[in-house]
>>> print(open('coords_26.cif').read())   # mmCIF, C-alpha atoms
data_target
#
loop_
_atom_site.label_atom_id
_atom_site.label_comp_id
_atom_site.auth_asym_id
_atom_site.auth_seq_id
_atom_site.Cartn_x
_atom_site.Cartn_y
_atom_site.Cartn_z
CA MET U 1 51.72 106.85 66.91
CA GLU U 2 50.75 105.80 70.45
CA ASN U 3 50.09 102.22 69.30
CA THR U 4 53.54 102.05 67.73
CA THR U 5 55.10 103.33 70.93
CA HIS U 6 53.26 100.77 73.05
CA THR U 7 54.24 97.98 70.66
CA ASN U 8 57.93 98.92 70.85
CA ALA U 9 57.74 99.09 74.64
CA ASP U 10 56.12 95.66 74.81
CA GLN U 11 58.79 94.18 72.55
CA THR U 12 61.51 95.68 74.71
CA ALA U 13 59.93 94.27 77.84
CA GLN U 14 59.69 90.82 76.26
CA THR U 15 63.33 90.98 75.20
CA THR U 16 64.60 91.84 78.68
CA SER U 17 62.31 89.49 80.62
CA PRO U 18 64.15 86.66 82.39
CA PRO U 19 63.60 83.00 81.54
CA PRO U 20 61.14 81.05 83.72
CA SER U 21 63.94 79.43 85.71
CA ILE U 22 64.94 82.74 87.17
CA LYS U 23 61.54 84.36 87.07
CA ASP U 24 61.52 85.01 90.80
CA ALA U 25 65.04 86.48 90.84
CA PRO U 26 65.38 90.26 91.19
CA LEU U 27 65.77 91.78 87.75
CA GLN U 28 68.14 94.69 87.30
CA ARG U 29 69.14 96.60 84.24
CA VAL U 30 72.23 98.60 83.61
CA SER U 31 71.45 102.18 82.84
CA SER U 32 73.77 104.52 81.02
CA VAL U 33 76.82 105.10 83.16
CA LYS U 34 78.45 108.41 83.85
CA SER U 35 81.89 107.13 84.73
CA ASP U 36 84.24 104.35 83.76
CA ARG U 37 83.63 102.42 86.94
CA SER U 38 79.94 102.90 87.80
CA PHE U 39 77.26 100.29 87.17
CA ARG U 40 73.84 101.32 88.45
CA ASN U 41 70.38 99.79 88.41
CA THR U 42 67.15 101.38 87.25
CA ASN U 43 66.53 103.00 90.62
CA ASP U 44 69.93 104.73 90.53
CA VAL U 45 70.91 102.92 93.72
CA PRO U 46 74.64 102.28 93.77
CA ILE U 47 75.56 98.62 93.80
CA SER U 48 78.33 99.22 96.32
CA THR U 49 77.18 98.69 99.88
CA SER U 50 80.25 100.35 101.37
CA PRO U 51 79.33 103.82 102.67
CA GLU U 52 82.88 105.06 102.36
CA LYS U 53 85.82 104.97 99.99
CA ARG U 54 89.31 105.18 101.39
CA VAL U 55 92.40 106.79 99.97
CA THR U 56 95.19 104.30 100.42
CA ILE U 57 98.85 105.24 100.75
CA ARG U 58 99.46 105.28 97.04
CA SER U 59 95.88 105.94 95.94
CA ALA U 60 96.14 103.16 93.40
CA ARG U 61 92.60 103.85 92.15
CA LEU U 62 94.14 106.54 89.98
CA ASN U 63 95.47 103.90 87.62
CA ARG U 64 91.98 103.00 86.45
CA ASP U 65 91.01 106.56 85.54
CA SER U 66 92.56 106.24 82.08
CA LEU U 67 90.65 103.07 81.13
CA PRO U 68 88.48 103.42 78.02
CA ALA U 69 84.79 103.15 78.79
CA SER U 70 84.37 100.27 76.35
CA TYR U 71 86.40 97.98 78.62
CA LEU U 72 84.33 98.73 81.69
CA HIS U 73 80.91 98.68 80.06
CA GLY U 74 80.89 95.00 79.23
CA GLU U 75 77.66 93.09 78.66
CA PRO U 76 75.97 92.94 82.08
CA ILE U 77 74.80 89.85 83.94
CA LEU U 78 71.04 90.03 84.42
CA GLY U 79 68.75 88.34 86.90
CA SER U 80 71.39 87.05 89.34
CA GLU U 81 73.18 88.09 92.50
CA ASN U 82 75.84 89.73 90.30
CA ALA U 83 73.27 91.75 88.37
CA GLY U 84 74.75 94.90 86.93
CA HIS U 85 78.30 93.55 86.84
CA PRO U 86 80.07 92.92 83.53
CA LYS U 87 80.66 89.37 82.38
CA PRO U 88 84.16 87.94 82.96
CA LEU U 89 86.65 88.65 80.19
CA ASN U 90 88.47 85.92 78.31
CA ILE U 91 92.27 85.79 78.08
CA LEU U 92 92.54 87.82 74.89
CA GLN U 93 90.19 90.49 76.24
CA CYS U 94 92.24 90.67 79.45
CA LEU U 95 95.49 91.13 77.52
CA LYS U 96 93.84 93.78 75.36
CA LEU U 97 92.58 95.50 78.49
CA VAL U 98 96.08 95.61 79.97
CA LEU U 99 97.78 96.80 76.78
CA PHE U 100 95.23 99.55 76.12
CA SER U 101 94.77 100.60 79.75
CA SER U 102 96.72 103.81 79.14
CA LYS U 103 98.01 105.88 76.25
CA ILE U 104 101.43 105.75 77.86
CA ASN U 105 101.61 102.07 76.91
CA VAL U 106 102.58 103.07 73.39
CA LEU U 107 106.07 103.36 74.89
CA LEU U 108 106.14 99.61 75.46
CA ILE U 109 107.85 99.27 72.06
CA PHE U 110 111.01 100.54 73.76
CA ILE U 111 111.21 97.47 76.04
CA PRO U 112 112.77 95.07 73.47
CA LEU U 113 114.99 97.89 72.21
CA GLY U 114 116.21 98.63 75.72
CA ILE U 115 116.88 94.97 76.51
CA VAL U 116 118.74 94.39 73.24
CA SER U 117 120.77 97.58 73.57
CA GLY U 118 122.23 96.42 76.86
CA HIS U 119 123.61 93.22 75.32
CA VAL U 120 124.84 94.20 71.85
CA GLY U 121 127.34 96.87 72.80
CA TRP U 122 125.43 100.05 72.00
CA SER U 123 126.65 103.28 73.55
CA ASP U 124 125.86 103.91 77.22
CA VAL U 125 123.88 107.03 76.34
CA THR U 126 121.65 105.06 73.96
CA VAL U 127 121.20 102.24 76.49
CA PHE U 128 120.26 104.73 79.22
CA ILE U 129 117.72 106.60 77.07
CA LEU U 130 116.01 103.46 75.71
CA ASN U 131 115.68 101.78 79.10
CA PHE U 132 114.73 105.10 80.72
CA ILE U 133 111.74 105.33 78.37
CA ALA U 134 110.92 101.61 78.63
CA ILE U 135 110.51 101.66 82.41
CA ILE U 136 107.92 104.48 82.31
CA PRO U 137 105.04 102.36 80.85
CA LEU U 138 106.15 99.37 82.92
CA ALA U 139 105.67 101.46 86.06
CA LYS U 140 102.17 102.33 84.89
CA LEU U 141 101.35 98.68 84.18
CA LEU U 142 102.73 97.66 87.55
CA GLY U 143 100.36 100.07 89.30
CA PHE U 144 97.36 98.98 87.24
CA ILE U 145 97.95 95.24 87.77
CA THR U 146 98.63 95.76 91.48
CA GLU U 147 95.30 97.49 91.83
CA GLU U 148 93.47 94.72 89.99
CA ILE U 149 94.91 92.13 92.36
CA SER U 150 94.12 94.30 95.40
CA LEU U 151 90.45 94.47 94.36
CA ARG U 152 90.37 90.67 94.36
CA LEU U 153 92.06 90.34 97.74
CA GLY U 154 89.70 92.64 99.63
CA GLU U 155 90.04 96.02 101.27
CA ASN U 156 92.71 95.40 103.91
CA LEU U 157 94.92 92.96 102.01
CA GLY U 158 94.50 95.07 98.90
CA ALA U 159 95.63 98.22 100.68
CA LEU U 160 98.61 96.32 102.09
CA LEU U 161 99.53 95.10 98.60
CA ASN U 162 99.30 98.65 97.23
CA ALA U 163 101.51 99.86 100.05
CA SER U 164 104.10 97.15 99.34
CA PHE U 165 104.24 97.47 95.55
CA GLY U 166 103.59 101.21 95.40
CA ASN U 167 107.29 102.00 94.99
CA ALA U 168 108.38 98.74 93.38
CA VAL U 169 110.23 100.48 90.54
CA GLU U 170 112.22 102.71 92.88
CA LEU U 171 112.99 99.72 95.10
CA ILE U 172 114.19 97.59 92.18
CA LEU U 173 116.39 100.40 90.86
CA SER U 174 117.87 100.94 94.31
CA ILE U 175 118.60 97.24 94.87
CA ILE U 176 120.34 96.88 91.51
CA ALA U 177 122.38 100.05 92.05
CA LEU U 178 123.32 98.87 95.55
CA ALA U 179 124.43 95.49 94.18
CA ASP U 180 126.63 97.40 91.71
CA ASN U 181 128.16 99.40 94.61
CA LYS U 182 126.67 102.67 93.32
CA ILE U 183 125.71 103.73 96.82
CA GLU U 184 125.76 107.44 96.00
CA VAL U 185 123.22 106.78 93.22
CA VAL U 186 120.98 104.87 95.65
CA LYS U 187 121.02 107.71 98.18
CA ALA U 188 120.47 110.35 95.52
CA SER U 189 117.55 108.45 93.96
CA ILE U 190 115.85 108.08 97.36
CA ILE U 191 116.15 111.78 98.13
CA GLY U 192 115.23 112.60 94.53
CA SER U 193 112.04 110.53 94.65
CA ILE U 194 110.96 112.28 97.85
CA LEU U 195 111.68 115.75 96.43
CA SER U 196 110.08 114.90 93.09
CA ASN U 197 106.81 113.93 94.74
CA LEU U 198 106.80 116.70 97.35
CA LEU U 199 107.81 119.60 95.11
CA LEU U 200 107.30 118.69 91.46
CA VAL U 201 104.16 116.54 91.57
CA LEU U 202 102.40 118.38 94.38
CA GLY U 203 103.37 121.68 92.80
CA PHE U 204 101.85 120.74 89.45
CA CYS U 205 98.73 119.42 91.20
CA PHE U 206 98.24 122.71 93.04
CA LEU U 207 98.98 124.73 89.89
CA ALA U 208 96.79 122.73 87.51
CA GLY U 209 93.92 122.46 89.98
CA GLY U 210 94.25 126.11 90.97
CA TYR U 211 94.08 127.17 87.32
CA LYS U 212 90.59 125.65 87.08
CA TYR U 213 89.37 126.24 90.64
CA LYS U 214 89.96 129.30 92.77
CA SER U 215 90.54 127.17 95.87
CA GLN U 216 90.57 123.42 96.48
CA LYS U 217 90.02 121.63 99.78
CA PHE U 218 91.38 118.30 100.92
CA ASN U 219 91.51 116.04 103.99
CA GLN U 220 93.72 118.11 106.25
CA THR U 221 94.16 115.46 108.96
CA ALA U 222 95.32 112.68 106.64
CA ALA U 223 97.70 114.97 104.76
CA GLN U 224 99.11 116.38 108.01
CA THR U 225 99.68 112.87 109.37
CA SER U 226 101.74 111.88 106.31
CA ALA U 227 103.65 115.16 106.46
CA SER U 228 104.41 114.62 110.16
CA LEU U 229 105.78 111.15 109.38
CA LEU U 230 107.90 112.77 106.68
CA ALA U 231 109.30 115.11 109.31
CA LEU U 232 110.18 112.07 111.44
CA SER U 233 112.02 110.44 108.55
CA CYS U 234 113.77 113.74 107.84
CA MET U 235 114.99 113.77 111.43
CA SER U 236 116.40 110.27 110.91
CA LEU U 237 118.63 111.74 108.19
CA LEU U 238 119.54 114.88 110.12
CA ILE U 239 120.84 112.96 113.15
CA PRO U 240 123.50 110.96 111.21
CA ALA U 241 124.65 114.20 109.54
CA ALA U 242 124.90 115.96 112.90
CA PHE U 243 126.57 112.86 114.38
CA ILE U 244 129.33 112.92 111.76
CA ALA U 245 129.79 116.68 112.06
CA THR U 246 130.19 116.36 115.84
CA ALA U 247 132.18 113.12 116.02
CA SER U 248 134.64 114.23 113.32
CA GLU U 249 136.04 116.76 115.80
CA SER U 250 137.50 113.91 117.87
CA THR U 251 137.51 110.99 115.40
CA PRO U 252 139.02 111.26 111.90
CA HIS U 253 136.48 108.95 110.20
CA PRO U 254 133.38 108.47 112.36
CA ASP U 255 131.21 105.48 111.48
CA VAL U 256 127.44 105.83 111.41
CA LYS U 257 126.60 102.28 110.32
CA ASN U 258 125.46 101.09 113.74
CA LEU U 259 123.42 104.27 114.19
CA SER U 260 121.89 103.76 110.73
CA HIS U 261 121.01 100.13 111.42
CA GLY U 262 119.20 100.95 114.65
CA THR U 263 117.41 103.92 113.10
CA ALA U 264 116.34 101.86 110.08
CA ILE U 265 114.74 99.23 112.32
CA VAL U 266 112.84 101.93 114.22
CA LEU U 267 111.58 103.49 110.96
CA LEU U 268 110.34 100.16 109.62
CA ILE U 269 108.47 99.54 112.89
CA VAL U 270 106.89 103.00 112.61
CA TYR U 271 105.87 102.22 109.01
CA VAL U 272 104.16 98.98 110.05
CA LEU U 273 102.35 100.81 112.85
CA TYR U 274 101.28 103.48 110.37
CA LEU U 275 99.71 100.81 108.17
CA TRP U 276 97.82 99.53 111.21
CA PHE U 277 96.78 103.11 112.01
CA GLN U 278 95.50 103.68 108.49
CA LEU U 279 93.83 100.34 107.86
CA LYS U 280 92.43 99.51 111.30
CA THR U 281 92.30 101.96 114.18
CA HIS U 282 91.80 105.27 112.32
CA GLU U 283 90.53 104.27 108.90
CA HIS U 284 87.83 106.95 109.12
CA LEU U 285 90.49 109.63 108.70
CA TYR U 286 91.22 108.34 105.21
CA ALA U 287 87.63 108.07 104.04
CA THR U 288 86.56 110.29 101.18
CA GLU U 289 83.03 111.39 100.45
CA SER U 290 80.55 108.66 99.58
CA GLU U 291 80.66 107.82 95.89
CA GLU U 292 78.07 106.32 93.58
CA GLU U 293 80.68 103.99 92.13
CA GLU U 294 81.95 100.50 92.72
CA GLU U 295 85.34 99.37 91.57
CA ILE U 296 84.92 95.99 89.94
CA PRO U 297 88.01 93.82 89.32
CA LEU U 298 88.40 93.01 85.64
CA LEU U 299 91.35 90.60 85.59
CA PRO U 300 91.25 87.08 87.09
CA LEU U 301 93.46 86.69 90.13
CA TRP U 302 95.73 84.09 88.50
CA MET U 303 96.34 86.29 85.48
CA GLY U 304 97.00 89.31 87.65
CA VAL U 305 99.65 87.43 89.61
CA ILE U 306 101.34 86.14 86.43
CA LEU U 307 101.35 89.61 84.86
CA LEU U 308 102.66 91.16 88.07
CA LEU U 309 105.59 88.75 88.14
CA GLY U 310 106.26 89.24 84.43
CA VAL U 311 106.24 93.03 84.60
CA THR U 312 108.45 92.97 87.70
CA VAL U 313 111.01 90.84 85.84
CA LEU U 314 110.96 93.23 82.87
CA VAL U 315 111.47 96.19 85.20
CA ALA U 316 114.45 94.43 86.78
CA VAL U 317 116.02 93.65 83.39
CA CYS U 318 115.60 97.21 82.10
CA ALA U 319 116.75 98.65 85.42
CA GLU U 320 119.92 96.56 85.32
CA SER U 321 120.82 97.95 81.88
CA LEU U 322 119.88 101.45 83.02
CA VAL U 323 122.07 101.36 86.12
CA GLY U 324 124.94 99.80 84.18
CA SER U 325 124.96 102.72 81.72
CA ILE U 326 125.07 105.47 84.36
CA GLU U 327 128.87 105.64 84.41
CA GLY U 328 129.09 106.09 80.64
CA LEU U 329 126.29 108.66 80.65
CA SER U 330 128.07 110.60 83.38
CA ASN U 331 131.30 110.70 81.37
CA SER U 332 129.61 111.52 78.05
CA TRP U 333 127.30 114.28 79.26
CA GLY U 334 129.41 115.56 82.14
CA LEU U 335 126.69 114.90 84.72
CA THR U 336 127.44 113.92 88.30
CA HIS U 337 126.07 110.73 89.79
CA THR U 338 124.14 112.85 92.26
CA PHE U 339 122.33 114.75 89.49
CA ILE U 340 121.50 111.55 87.62
CA GLY U 341 120.17 109.88 90.76
CA LEU U 342 118.40 112.87 92.26
CA ILE U 343 116.84 114.43 89.14
CA LEU U 344 116.72 111.88 86.28
CA LEU U 345 116.02 108.51 87.91
CA PRO U 346 112.93 109.66 89.91
CA ILE U 347 111.25 110.51 86.61
CA VAL U 348 111.45 106.85 85.56
CA GLY U 349 109.29 105.40 88.30
CA ASN U 350 106.93 108.33 88.77
CA ALA U 351 106.23 109.82 85.32
CA ALA U 352 103.01 107.93 84.61
CA GLU U 353 101.77 108.40 88.15
CA HIS U 354 102.58 112.11 88.01
CA VAL U 355 100.41 112.62 84.92
CA THR U 356 97.46 110.85 86.53
CA ALA U 357 97.81 112.80 89.79
CA VAL U 358 97.71 116.11 87.92
CA THR U 359 94.72 114.90 85.91
CA VAL U 360 92.62 114.11 89.00
CA ALA U 361 93.71 117.39 90.59
CA MET U 362 92.13 119.18 87.64
CA LYS U 363 88.96 117.20 88.41
CA ASN U 364 89.00 118.63 91.96
CA LYS U 365 89.92 115.25 93.53
CA MET U 366 92.66 116.66 95.70
CA ASP U 367 92.57 113.87 98.29
CA LEU U 368 93.65 111.41 95.62
CA ALA U 369 96.31 113.75 94.24
CA ILE U 370 97.79 114.46 97.65
CA GLY U 371 97.59 110.76 98.49
CA VAL U 372 100.02 110.17 95.62
CA ALA U 373 102.37 113.09 96.24
CA ILE U 374 102.77 113.18 100.01
CA GLY U 375 101.86 109.53 100.58
CA SER U 376 104.45 108.33 98.09
CA SER U 377 107.15 110.53 99.60
CA MET U 378 106.31 109.24 103.07
CA GLN U 379 106.46 105.63 101.90
CA ILE U 380 109.89 106.09 100.31
CA ALA U 381 111.23 107.79 103.43
CA LEU U 382 109.76 105.29 105.93
CA PHE U 383 109.94 102.08 103.93
CA VAL U 384 112.34 102.16 100.96
CA SER U 385 115.12 104.13 102.67
CA PRO U 386 115.43 102.00 105.84
CA LEU U 387 114.84 98.80 103.85
CA MET U 388 117.85 99.62 101.66
CA VAL U 389 119.96 100.11 104.79
CA ILE U 390 118.88 96.69 106.09
CA ILE U 391 119.54 95.05 102.69
CA GLY U 392 122.96 96.72 102.54
CA TRP U 393 123.65 95.52 106.08
CA GLY U 394 122.87 91.94 105.14
CA ALA U 395 124.83 92.12 101.86
CA GLY U 396 127.89 93.71 103.41
CA LYS U 397 127.48 97.00 101.53
CA GLY U 398 128.32 100.38 103.01
CA MET U 399 124.76 101.72 102.90
CA ASP U 400 123.88 104.08 105.76
CA LEU U 401 121.55 106.98 106.50
CA PHE U 402 124.17 109.69 106.03
CA PHE U 403 122.90 111.17 102.76
CA GLY U 404 125.13 114.23 102.77
CA ILE U 405 124.67 117.55 104.51
CA PHE U 406 123.52 119.34 101.36
CA GLU U 407 120.92 116.72 100.35
CA THR U 408 119.61 116.38 103.92
CA SER U 409 119.28 120.16 104.23
CA VAL U 410 117.32 120.35 100.99
CA MET U 411 114.96 117.63 102.15
CA PHE U 412 114.43 119.34 105.50
CA ILE U 413 113.55 122.65 103.81
CA SER U 414 111.18 120.91 101.38
CA VAL U 415 109.31 119.08 104.14
CA LEU U 416 109.07 122.33 106.09
CA ILE U 417 107.57 124.21 103.13
CA VAL U 418 105.02 121.47 102.40
CA ASN U 419 103.95 121.39 106.06
CA TYR U 420 103.31 125.12 105.97
CA LEU U 421 101.28 124.91 102.75
CA ILE U 422 98.96 122.04 103.72
CA GLN U 423 98.19 123.04 107.29
CA ASP U 424 95.08 125.03 106.27
CA GLY U 425 93.55 122.15 104.24
CA GLU U 426 93.28 124.29 101.08
CA SER U 427 95.40 124.86 98.00
CA ASN U 428 95.66 127.38 95.18
CA TRP U 429 97.84 127.99 92.12
CA LEU U 430 100.29 130.31 93.91
CA GLU U 431 101.21 127.53 96.33
CA GLY U 432 101.96 125.37 93.31
CA ILE U 433 104.30 128.05 91.96
CA MET U 434 106.12 128.11 95.31
CA LEU U 435 106.74 124.36 95.24
CA LEU U 436 107.80 124.29 91.58
CA SER U 437 110.20 127.21 92.02
CA THR U 438 111.75 125.42 95.00
CA TYR U 439 112.29 122.31 92.88
CA VAL U 440 113.92 124.32 90.07
CA ILE U 441 116.30 125.99 92.54
CA VAL U 442 117.23 122.58 93.97
CA ALA U 443 117.82 121.15 90.47
CA ILE U 444 120.12 124.06 89.56
CA ALA U 445 122.09 123.63 92.77
CA ILE U 446 122.45 119.86 92.23
CA PHE U 447 123.60 120.42 88.65
CA TYR U 448 126.50 122.60 89.81
CA LEU U 449 127.30 120.53 92.92
CA PRO U 450 130.87 119.20 92.47
CA GLU U 451 131.29 115.44 92.53
CA ALA U 452 134.02 115.73 95.17
CA VAL U 453 131.53 117.07 97.69
CA VAL U 454 129.49 113.86 97.58
#
>>> encode(input="coords_26.cif", output="structure tokens")
Amino acid sequence: MENTTHTNADQTAQTTSPPPSIKDAPLQRVSSVKSDRSFRNTNDVPISTSPEKRVTIRSARLNRDSLPASYLHGEPILGSENAGHPKPLNILQCLKLVLFSSKINVLLIFIPLGIVSGHVGWSDVTVFILNFIAIIPLAKLLGFITEEISLRLGENLGALLNASFGNAVELILSIIALADNKIEVVKASIIGSILSNLLLVLGFCFLAGGYKYKSQKFNQTAAQTSASLLALSCMSLLIPAAFIATASESTPHPDVKNLSHGTAIVLLIVYVLYLWFQLKTHEHLYATESEEEEEIPLLPLWMGVILLLGVTVLVAVCAESLVGSIEGLSNSWGLTHTFIGLILLPIVGNAAEHVTAVTVAMKNKMDLAIGVAIGSSMQIALFVSPLMVIIGWGAGKGMDLFFGIFETSVMFISVLIVNYLIQDGESNWLEGIMLLSTYVIVAIAIFYLPEAVV
């Protein structure tokens, strides 16, 4: 028995020995991996030389969590400087990787249906539903491809790319609605996206994580910084509302466009400075615990760029049909534009991301989950909202920062509640119930809000 064992061991050693040309090169083998993204040598020393991993604004690393292990455990390169890394994929393998990167991609079959429905005269309700479903997997693909490109570009440029394309779907929907003069839908979708992330997503993260763990801890400083920036953006909406309420006493129709333009410029400057704060001067605040994993880009850069452009075009086409059917949906179902924009549209761009955030919360990765919920809300408030005001300014549209007294009040209360809940750096399931109940109350109020009030 011992001789047989030694013989098998010798055969294995001969099989894995490098050719003479690379005899002097360091030989590494890939051991069995414990996660979808880890490739380790025989000494269990992580390949990654970076001592820290950072949680970017949108925590785009979440998009890779759903990848099947078979795509990440490719045949390794042995005896070279890239030892332990999988071999590059060919074009077909890359396309297969993208298509099967998530179970949500089964909804991609609705893309041709949604595009066709908008051009053959189907009912507005059917057009809205088909394109509503079609954009959900496109948003997931957009996040996955953006992350692949960011891994190729490096840490700083990659984080900047994630920050720019993190809310691409919401931005595209808002631009198309603004071009169609549906300004009330644009404002409602911006507020709705903020509330959806702050109350619905964060609430489910706290509830799902609290169901499995008695208490969960997270980076208090980073979360508090994002929440404080949210409070700043909330103030930028409160001031126009107070301005109109005060000026209307002496002026019949006070104009807040100039105030909105100046405020939007200030918010965009603050957003750029926040990126500098996060990526350069205080990057240590956004570092998570050291991990034994290295994220390896799987798609070539050229293919990632082509896919990013293609998916963006598809999102724009589906979004155009979606926005064009809002009027018919409102008349058929008796829903106000505010309810459609504030409750329904935020689901489109955030559904896939919401599922992943809750999943990692159940794995006790609360920094990543909060990076999605609060970080996404902060980005919409500091980047998307003022950017839409600037775009409306240049296009001659009446877009301003007066979002309505009711909507602004709801946002202020939501930001206040979240600030109270995260100030201790811990979460539990009861805090999740608080956030979810707040969101339900807001949804009920919006449903019964008369259109004339808007």
>>> closest_residue(input="coords_26.cif", among="U:Ile265, U:Ala445, U:Leu97, U:Ile433", to="Ser236 of chain U", atoms="all atoms listed in the file")
U:Ile265
>>> resolve_selection(input="coords_26.cif", expression="the PyMOL selection byres ((chain U and resi 349) around 12)", output="PyMOL selection string")
chain U and resi 131-143+165-174+189-190+192-194+196-197+315+319+343-348+350-355+376
>>> atom_distance(input="coords_26.cif", atom1="atom CA of Met378 of chain U", atom2="atom CA of Gly394 of chain U")
24.0 Å
>>> closest_residue(input="coords_26.cif", among="U:Leu314, U:Val185, U:Ile422, U:Ile91", to="Glu327 of chain U", atoms="all atoms listed in the file")
U:Val185
>>> atom_distance(input="coords_26.cif", atom1="atom CA of Val270 of chain U", atom2="atom CA of Leu382 of chain U")
7.6 Å
